[in-house]
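Engineer: Structure file final_18.tsv (TSV, C-alpha atoms) right here:
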chain	number	residue	atom	x	y	z
A	302	MET	CA	4.20	-37.29	-46.18
A	303	LEU	CA	5.87	-39.11	-43.27
A	304	GLN	CA	3.11	-37.96	-40.92
A	305	ALA	CA	0.44	-39.28	-43.29
A	306	ARG	CA	2.25	-42.60	-43.52
A	307	ARG	CA	2.56	-42.83	-39.75
A	308	ARG	CA	-1.16	-42.14	-39.32
A	309	LEU	CA	-2.06	-44.83	-41.85
A	310	GLU	CA	0.21	-47.32	-40.08
A	311	GLN	CA	-1.48	-46.45	-36.77
A	312	GLU	CA	-4.92	-46.98	-38.31
A	313	VAL	CA	-3.89	-50.39	-39.71
A	314	GLU	CA	-2.40	-51.38	-36.35
A	315	LEU	CA	-5.58	-50.27	-34.54
A	316	ASP	CA	-7.76	-52.25	-36.94
A	317	SER	CA	-5.65	-55.38	-36.40
A	318	ARG	CA	-5.73	-54.96	-32.63
A	319	LEU	CA	-9.52	-54.53	-32.57
A	320	ALA	CA	-9.89	-57.67	-34.67
A	321	ARG	CA	-7.70	-59.63	-32.22
A	322	ASP	CA	-9.56	-58.26	-29.21
A	323	LEU	CA	-12.91	-59.20	-30.75
A	324	SER	CA	-11.64	-62.73	-31.40
A	325	ASP	CA	-10.44	-63.02	-27.78
A	326	LEU	CA	-13.83	-61.76	-26.58
A	327	ARG	CA	-15.66	-64.42	-28.59
A	328	THR	CA	-13.40	-67.05	-27.03
A	329	LEU	CA	-14.24	-65.82	-23.54
A	330	VAL	CA	-17.96	-65.90	-24.36
A	331	GLU	CA	-17.62	-69.52	-25.47
A	332	LEU	CA	-15.73	-70.41	-22.29
A	333	ALA	CA	-18.39	-68.68	-20.18
A	334	SER	CA	-21.15	-70.59	-21.97
A	335	GLU	CA	-19.31	-73.80	-21.12
A	336	GLY	CA	-19.35	-72.94	-17.42
A	337	GLU	CA	-15.81	-71.61	-17.06
A	338	ASP	CA	-15.23	-68.94	-14.37
A	339	VAL	CA	-14.29	-66.09	-16.73
A	340	LEU	CA	-17.08	-63.57	-16.06
A	341	ALA	CA	-14.78	-61.03	-14.37
A	342	GLU	CA	-12.29	-61.23	-17.24
A	343	LEU	CA	-15.13	-61.06	-19.77
A	344	LYS	CA	-16.54	-57.90	-18.16
A	345	SER	CA	-13.11	-56.27	-18.17
A	346	GLU	CA	-12.56	-57.11	-21.85
A	347	VAL	CA	-15.99	-55.78	-22.86
A	348	GLU	CA	-15.28	-52.47	-21.09
A	349	ARG	CA	-11.86	-52.16	-22.72
A	350	LEU	CA	-13.24	-53.00	-26.16
A	351	GLU	CA	-16.00	-50.41	-25.71
A	352	GLN	CA	-13.38	-47.76	-24.92
A	353	ASP	CA	-11.30	-48.75	-27.96
A	354	ALA	CA	-14.38	-48.67	-30.18
A	355	GLN	CA	-15.30	-45.20	-28.91
A	356	HIS	CA	-11.73	-44.03	-29.50
A	357	THR	CA	-11.90	-45.36	-33.06
A	358	GLU	CA	-15.24	-43.65	-33.63
A	359	ILE	CA	-13.81	-40.34	-32.42
A	360	ARG	CA	-10.88	-40.66	-34.82
A	361	MET	CA	-13.35	-41.22	-37.66
A	362	LEU	CA	-15.36	-38.17	-36.59
A	363	LEU	CA	-12.23	-36.00	-36.54
A	364	SER	CA	-12.02	-35.55	-40.28
A	365	GLY	CA	-11.98	-31.75	-40.53
A	366	GLU	CA	-9.23	-29.96	-42.42
A	367	HIS	CA	-7.33	-28.90	-39.29
A	368	ASP	CA	-8.57	-31.50	-36.78
A	369	GLU	CA	-5.13	-33.15	-36.54
A	370	ALA	CA	-3.41	-29.86	-35.67
A	371	ASP	CA	-2.23	-28.57	-32.31
A	372	ALA	CA	-4.67	-26.20	-30.62
A	373	ILE	CA	-4.32	-22.63	-29.43
A	374	VAL	CA	-6.81	-21.98	-26.61
A	375	THR	CA	-7.76	-18.47	-25.50
A	376	ILE	CA	-9.94	-17.81	-22.45
A	377	HIS	CA	-11.49	-14.46	-21.49
A	378	PRO	CA	-13.82	-13.61	-18.58
A	379	GLY	CA	-17.10	-11.89	-19.32
A	380	ALA	CA	-18.56	-8.90	-17.51
A	381	GLY	CA	-18.68	-9.31	-13.76
A	382	GLY	CA	-15.23	-8.47	-12.49
A	383	THR	CA	-13.69	-10.82	-9.96
A	384	GLU	CA	-16.46	-13.42	-10.26
A	385	SER	CA	-15.94	-13.94	-14.00
A	386	GLN	CA	-12.17	-13.70	-13.71
A	387	ASP	CA	-12.18	-16.49	-11.14
A	388	TRP	CA	-14.43	-18.58	-13.39
A	389	ALA	CA	-12.05	-18.05	-16.32
A	390	GLU	CA	-9.17	-19.32	-14.18
A	391	MET	CA	-11.22	-22.40	-13.24
A	392	LEU	CA	-11.68	-23.13	-16.95
A	393	VAL	CA	-7.94	-22.79	-17.57
A	394	ARG	CA	-7.30	-25.37	-14.87
A	395	MET	CA	-9.99	-27.68	-16.30
A	396	TYR	CA	-8.41	-27.70	-19.77
A	397	LEU	CA	-4.86	-28.08	-18.47
A	398	ARG	CA	-5.98	-31.08	-16.40
A	399	TRP	CA	-7.79	-32.55	-19.42
A	400	SER	CA	-4.70	-32.07	-21.58
A	401	GLU	CA	-2.51	-33.79	-19.02
A	402	ARG	CA	-4.87	-36.75	-18.73
A	403	SER	CA	-5.14	-37.03	-22.51
A	404	GLY	CA	-1.37	-37.23	-22.99
A	405	TYR	CA	-1.04	-33.76	-24.52
A	406	THR	CA	1.64	-31.25	-23.62
A	407	THR	CA	0.83	-27.60	-22.97
A	408	ASP	CA	2.74	-24.37	-23.27
A	409	MET	CA	1.36	-21.21	-21.62
A	410	LEU	CA	1.75	-18.38	-24.13
A	411	ASP	CA	0.09	-15.53	-22.25
A	412	TYR	CA	-1.35	-15.28	-18.73
A	413	GLN	CA	-2.68	-12.04	-17.28
A	414	GLN	CA	-3.51	-12.28	-13.59
A	415	GLY	CA	-6.64	-10.58	-12.25
A	416	GLU	CA	-6.31	-7.77	-9.72
A	417	GLU	CA	-8.07	-9.58	-6.85
A	418	ALA	CA	-8.41	-13.14	-8.10
A	419	GLY	CA	-8.66	-15.15	-11.31
A	420	ILE	CA	-7.35	-14.00	-14.68
A	421	LYS	CA	-7.98	-11.24	-17.18
A	422	SER	CA	-7.04	-13.58	-20.04
A	423	ALA	CA	-5.00	-16.67	-20.84
A	424	THR	CA	-3.69	-18.24	-24.02
A	425	PHE	CA	-1.97	-21.60	-24.18
A	426	LEU	CA	-0.89	-24.12	-26.79
A	427	VAL	CA	-2.01	-27.75	-26.58
A	428	LYS	CA	0.32	-30.01	-28.55
A	429	GLY	CA	-0.56	-33.48	-29.77
A	430	GLU	CA	-2.45	-35.34	-32.49
A	431	TYR	CA	-6.05	-34.19	-32.89
A	432	ALA	CA	-5.74	-31.58	-30.12
A	433	TYR	CA	-7.67	-29.04	-32.19
A	434	GLY	CA	-10.27	-31.56	-33.36
A	435	ASN	CA	-11.09	-32.45	-29.76
A	436	LEU	CA	-10.90	-28.99	-28.24
A	437	SER	CA	-12.90	-27.37	-31.03
A	438	ALA	CA	-15.89	-28.80	-29.14
A	439	GLU	CA	-15.16	-26.30	-26.36
A	440	SER	CA	-15.34	-23.07	-28.38
A	441	GLY	CA	-18.06	-20.82	-27.05
A	442	VAL	CA	-19.41	-19.18	-23.92
A	443	HIS	CA	-19.37	-21.15	-20.65
A	444	ARG	CA	-21.77	-20.19	-17.83
A	445	LEU	CA	-21.25	-20.82	-14.12
A	446	VAL	CA	-23.93	-20.61	-11.42
A	447	ARG	CA	-22.73	-20.81	-7.80
A	448	ILE	CA	-22.69	-19.21	-4.36
A	449	SER	CA	-20.02	-16.57	-4.74
A	450	PRO	CA	-16.91	-17.03	-2.57
A	451	PHE	CA	-16.35	-13.27	-2.98
A	452	ASP	CA	-19.78	-12.18	-1.72
A	453	ALA	CA	-20.00	-11.62	2.05
A	454	ALA	CA	-23.78	-12.14	1.82
A	455	ALA	CA	-23.25	-15.56	0.19
A	456	ARG	CA	-25.58	-14.79	-2.70
A	457	ARG	CA	-25.88	-16.83	-5.86
A	458	HIS	CA	-24.02	-15.39	-8.86
A	459	THR	CA	-23.97	-16.19	-12.57
A	460	SER	CA	-20.64	-15.76	-14.37
A	461	PHE	CA	-19.61	-16.08	-17.99
A	462	ALA	CA	-16.31	-16.77	-19.72
A	463	SER	CA	-15.46	-17.38	-23.36
A	464	VAL	CA	-13.29	-20.17	-24.69
A	465	PHE	CA	-12.02	-19.95	-28.22
A	466	VAL	CA	-9.89	-22.57	-29.95
A	467	TYR	CA	-7.77	-21.98	-33.03
A	468	PRO	CA	-5.83	-24.57	-35.05
A	469	ASP	CA	-2.09	-24.03	-34.92
A	470	ILE	CA	-1.57	-23.71	-38.67
A	471	ASP	CA	1.98	-24.37	-39.84
A	472	ASP	CA	3.42	-21.49	-41.84
A	473	LYS	CA	5.32	-23.94	-44.02
A	474	ILE	CA	2.85	-24.60	-46.80
A	475	ASP	CA	3.72	-27.46	-49.11
A	476	VAL	CA	2.87	-26.23	-52.61
A	477	GLN	CA	2.21	-29.17	-54.89
A	478	ILE	CA	2.22	-28.49	-58.63
A	479	GLU	CA	0.87	-31.31	-60.81
A	480	GLU	CA	2.02	-31.48	-64.44
A	481	LYS	CA	-1.53	-32.25	-65.56
A	482	ASP	CA	-2.62	-28.88	-64.12
A	483	LEU	CA	-0.20	-26.90	-66.28
A	484	ARG	CA	-0.43	-25.56	-69.81
A	485	ILE	CA	3.02	-24.53	-71.05
A	486	ASP	CA	3.39	-22.32	-74.11
A	487	THR	CA	6.59	-21.15	-75.72
A	488	TYR	CA	6.98	-18.08	-77.91
A	489	ARG	CA	9.63	-15.82	-79.33
A	490	SER	CA	11.04	-13.30	-76.89
A	491	SER	CA	10.28	-9.68	-77.61
A	492	GLY	CA	13.11	-7.16	-77.47
A	493	ALA	CA	14.65	-4.07	-78.91
A	494	GLY	CA	16.29	-5.99	-81.74
A	495	GLY	CA	19.95	-5.94	-82.75
A	496	GLN	CA	22.46	-8.75	-82.76
A	497	HIS	CA	21.25	-10.22	-79.46
A	498	VAL	CA	17.59	-10.57	-80.45
A	499	ASN	CA	16.32	-14.09	-79.70
A	500	VAL	CA	15.20	-15.76	-82.92
A	501	THR	CA	14.11	-18.98	-81.15
A	502	ASP	CA	11.00	-19.74	-79.06
A	503	ALA	CA	12.84	-19.34	-75.76
A	504	ALA	CA	10.17	-17.43	-73.84
A	505	VAL	CA	7.84	-19.51	-71.64
A	506	ARG	CA	4.29	-18.90	-70.42
A	507	ILE	CA	2.79	-21.26	-67.84
A	508	THR	CA	-0.93	-21.34	-67.04
A	509	HIS	CA	-2.04	-23.06	-63.82
A	510	ILE	CA	-5.42	-24.37	-64.96
A	511	PRO	CA	-7.14	-24.90	-61.53
A	512	THR	CA	-6.48	-21.32	-60.38
A	513	GLY	CA	-6.11	-19.51	-63.71
A	514	ILE	CA	-2.76	-18.04	-62.63
A	515	VAL	CA	-0.55	-17.17	-65.60
A	516	VAL	CA	3.19	-16.52	-65.29
A	517	SER	CA	5.78	-15.94	-67.97
A	518	CYS	CA	9.52	-15.47	-68.30
A	519	GLN	CA	11.57	-14.35	-71.28
A	520	ASN	CA	14.64	-12.83	-69.68
A	521	GLU	CA	16.89	-15.84	-70.15
A	522	ARG	CA	18.31	-16.96	-73.47
A	523	SER	CA	17.59	-20.61	-72.70
A	524	GLN	CA	14.06	-21.97	-72.81
A	525	ILE	CA	14.98	-24.35	-69.98
A	526	ARG	CA	16.09	-21.50	-67.71
A	527	ASN	CA	12.97	-19.48	-68.59
A	528	ARG	CA	10.82	-22.52	-67.77
A	529	ASP	CA	12.55	-23.01	-64.40
A	530	MET	CA	12.14	-19.35	-63.52
A	531	ALA	CA	8.47	-19.36	-64.55
A	532	ARG	CA	7.87	-22.40	-62.32
A	533	LYS	CA	9.55	-20.61	-59.43
A	534	ILE	CA	7.29	-17.60	-59.92
A	535	LEU	CA	4.22	-19.86	-60.15
A	536	ARG	CA	5.17	-21.63	-56.92
A	537	ALA	CA	5.48	-18.27	-55.15
A	538	ARG	CA	2.09	-17.15	-56.50
A	539	LEU	CA	0.42	-20.38	-55.33
A	540	TYR	CA	2.08	-20.06	-51.92
A	541	GLU	CA	0.69	-16.53	-51.61
A	542	LEU	CA	-2.77	-17.81	-52.60
A	543	GLU	CA	-2.65	-20.47	-49.90
A	544	MET	CA	-1.54	-17.93	-47.30
A	545	GLN	CA	-4.48	-15.69	-48.21
A	546	LYS	CA	-6.82	-18.68	-47.91
A	547	LYS	CA	-5.53	-19.51	-44.43
A	548	GLN	CA	-5.85	-15.88	-43.36
A	549	ARG	CA	-9.49	-15.90	-44.49
A	550	GLU	CA	-10.09	-19.12	-42.55
A	551	LEU	CA	-8.62	-17.62	-39.38
A	552	GLN	CA	-10.64	-14.45	-39.86
A	553	ALA	CA	-13.80	-16.53	-40.28
A	554	LEU	CA	-13.00	-18.27	-36.98
A	555	GLU	CA	-12.42	-14.89	-35.35
A	556	ASP	CA	-15.70	-13.50	-36.71
A	557	SER	CA	-17.61	-16.50	-35.35
A	558	LYS	CA	-16.88	-15.57	-31.73
A	559	PRO	CA	-20.16	-15.16	-29.81
A	560	ASP	CA	-20.90	-12.44	-27.28
A	561	ILE	CA	-19.96	-13.38	-23.71
A	562	ALA	CA	-23.47	-13.08	-22.29
A	563	TRP	CA	-26.89	-14.65	-21.75
A	564	GLY	CA	-28.36	-16.63	-24.62
A	565	SER	CA	-25.06	-17.49	-26.26
A	566	GLN	CA	-23.66	-20.06	-23.84
A	567	ILE	CA	-22.82	-23.56	-25.08
A	568	ARG	CA	-22.58	-25.11	-21.62
A	569	SER	CA	-23.81	-24.38	-18.12
A	570	TYR	CA	-22.10	-25.45	-14.89
A	571	VAL	CA	-24.56	-25.22	-12.00
A	572	LEU	CA	-23.14	-25.68	-8.51
A	573	HIS	CA	-26.13	-24.25	-6.60
A	574	PRO	CA	-28.98	-24.96	-5.79
A	575	TYR	CA	-28.25	-28.30	-7.45
A	576	ARG	CA	-25.16	-29.69	-9.19
A	577	LEU	CA	-25.28	-30.26	-12.94
A	578	VAL	CA	-23.20	-29.61	-16.05
A	579	LYS	CA	-25.29	-29.43	-19.22
A	580	ASP	CA	-24.25	-28.90	-22.84
A	581	HIS	CA	-26.97	-26.88	-24.59
A	582	ARG	CA	-26.00	-28.12	-28.07
A	583	THR	CA	-26.13	-31.86	-27.45
A	584	LYS	CA	-28.31	-31.88	-24.30
A	585	TYR	CA	-25.74	-34.17	-22.68
A	586	GLU	CA	-25.43	-33.60	-18.93
A	587	SER	CA	-23.52	-34.84	-15.91
A	588	SER	CA	-24.17	-34.43	-12.20
A	589	ASN	CA	-20.53	-35.14	-11.35
A	590	THR	CA	-19.50	-31.49	-11.48
A	591	ASP	CA	-16.26	-32.01	-9.53
A	592	ARG	CA	-15.02	-34.55	-12.06
A	593	VAL	CA	-15.92	-32.30	-15.00
A	594	LEU	CA	-14.17	-29.28	-13.51
A	595	ASP	CA	-11.15	-31.48	-12.84
A	596	GLY	CA	-10.80	-32.16	-16.56
A	597	GLY	CA	-13.32	-34.95	-17.08
A	598	ILE	CA	-14.82	-33.45	-20.25
A	599	ASP	CA	-14.31	-36.41	-22.62
A	600	PRO	CA	-18.01	-37.41	-22.65
A	601	PHE	CA	-18.97	-33.84	-23.61
A	602	ILE	CA	-16.41	-33.80	-26.43
A	603	TYR	CA	-17.57	-37.21	-27.67
A	604	GLN	CA	-21.23	-36.19	-27.70
A	605	TYR	CA	-20.41	-32.94	-29.52
A	606	LEU	CA	-18.42	-34.75	-32.22
A	607	ILE	CA	-21.35	-37.12	-32.79
A	608	HIS	CA	-23.69	-34.12	-32.92
A	609	ARG	CA	-21.43	-32.31	-35.40
A	610	GLY	CA	-21.12	-35.42	-37.57
A	611	SER	CA	-24.90	-35.86	-37.61
A	612	LYS	CA	-25.40	-32.25	-38.72
A	613	LYS	CA	-22.89	-32.70	-41.54
A	614	ARG	CA	-24.62	-35.86	-42.77
A	615	THR	CA	-27.99	-34.07	-42.69
A	616	ALA	CA	-26.56	-31.17	-44.69
A	617	VAL	CA	-25.09	-33.54	-47.29
A	618	ALA	CA	-28.42	-35.42	-47.58
A	619	ARG	CA	-30.22	-32.15	-48.37
Show the structure stored in the file as structure tokens.

Structural biologist:
Amino acid sequence: MLQARRRLEQEVELDSRLARDLSDLRTLVELASEGEDVLAELKSEVERLEQDAQHTEIRMLLSGEHDEADAIVTIHPGAGGTESQDWAEMLVRMYLRWSERSGYTTDMLDYQQGEEAGIKSATFLVKGEYAYGNLSAESGVHRLVRISPFDAAARRHTSFASVFVYPDIDDKIDVQIEEKDLRIDTYRSSGAGGQHVNVTDAAVRITHIPTGIVVSCQNERSQIRNRDMARKILRARLYELEMQKKQRELQALEDSKPDIAWGSQIRSYVLHPYRLVKDHRTKYESSNTDRVLDGGIDPFIYQYLIHRGSKKRTAVAR
């Protein structure tokens, strides 16, 4: 609840700041039209406002169920031995550099060094708001083409590595039970009879209408205590249902992993015979390969989020 409130306050603050910046920009435009020497300041403000607008757009695009969560990133090399293991290590460095630049903190959970170079696998946690929403753009197979530093003949090699991103789902599930979703029936407790038989409607049956879960309790003499116990049982049943749902979601993510091979890559990084990084989903590309491999992947993430949002709107329209 406090997190939701904080996010809303941040959104209101951002909206107010953008409104102020836009007003200041209009003032600078007026001054420029009157001949004032404010062009340098005007250019700087336009660039800053463009960045803020893009940041706001990204926040709007990050509306998935787990987009706000921390991210668990796992990287595995494909077939190819040392070449692919080295490529996997390069990807680890790229994402750690991106995380640092983006203000996220990281925690290495597992790191298995390769025998000659690179890594056999790595798993790390990226902590911060919308870490998963941003890094979900990176899930898939990444392909590298370069002159191998491990080949004495200096031949060109193609290497693959997989990146998979999971949301860090909190085990503490907040089970909300709305009164309007409950049907509560009372009835006379059944028993073996005798002097302690309950002749009042103390037993309680609660039906959770959205899920159809029915729980009952008749062990207590008091209807109030039976009602409290039945609610406790219902809460536990709903908690279990939510846990099963989250397990299915994680399994669906696991099942969606592509093969680490040709034809399944989401992005290619070509360092020879030319230099180009190209995302095969969005067609966005950059020739500044050094910057990308040093963590400059924000444009690729931005273009993917726009692409994902467009696909969702198309699906809704159909």

Engineer: Which residue gives the smallest distance to Glu369 in chain A among A:Ala462, A:Leu343, A:Val313, A:Ile470, with only C-alpha atoms counted?

Structural biologist: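 Under the stated criterion, the closest residue is A:Ile470.
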
Engineer: Report, in Å with one decimal, the straight-line distance from CA of Ser523 in chain A to CA of Arg506 in chain A.

Structural biologist: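 Computing it gives 13.6 Å between the two atoms.
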
Engineer: So the first atom is CA of Phe465 in chain A and the second is CA of Ala438 in chain A; what is the distance between them in Å, to one decimal place?

Structural biologist: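 Atom-to-atom, CA of Phe465 in chain A and CA of Ala438 in chain A are spaced 9.7 Å apart.
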
Engineer: What does the distance from CA of Asp486 in chain A to CA of Gln545 in chain A come to in Å, to one decimal?

Structural biologist: 27.9 Å

Engineer: Rank A:Met544, A:Ile376, A:Ala320, A:Leu326 by their smallest atom-to-atom distance to His443 in chain A, using all atoms listed in the file, and report the top residue only.

Structural biologist: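 Between A:Met544, A:Ile376, A:Ala320, A:Leu326, the residue approaching His443 in chain A most closely is A:Ile376.
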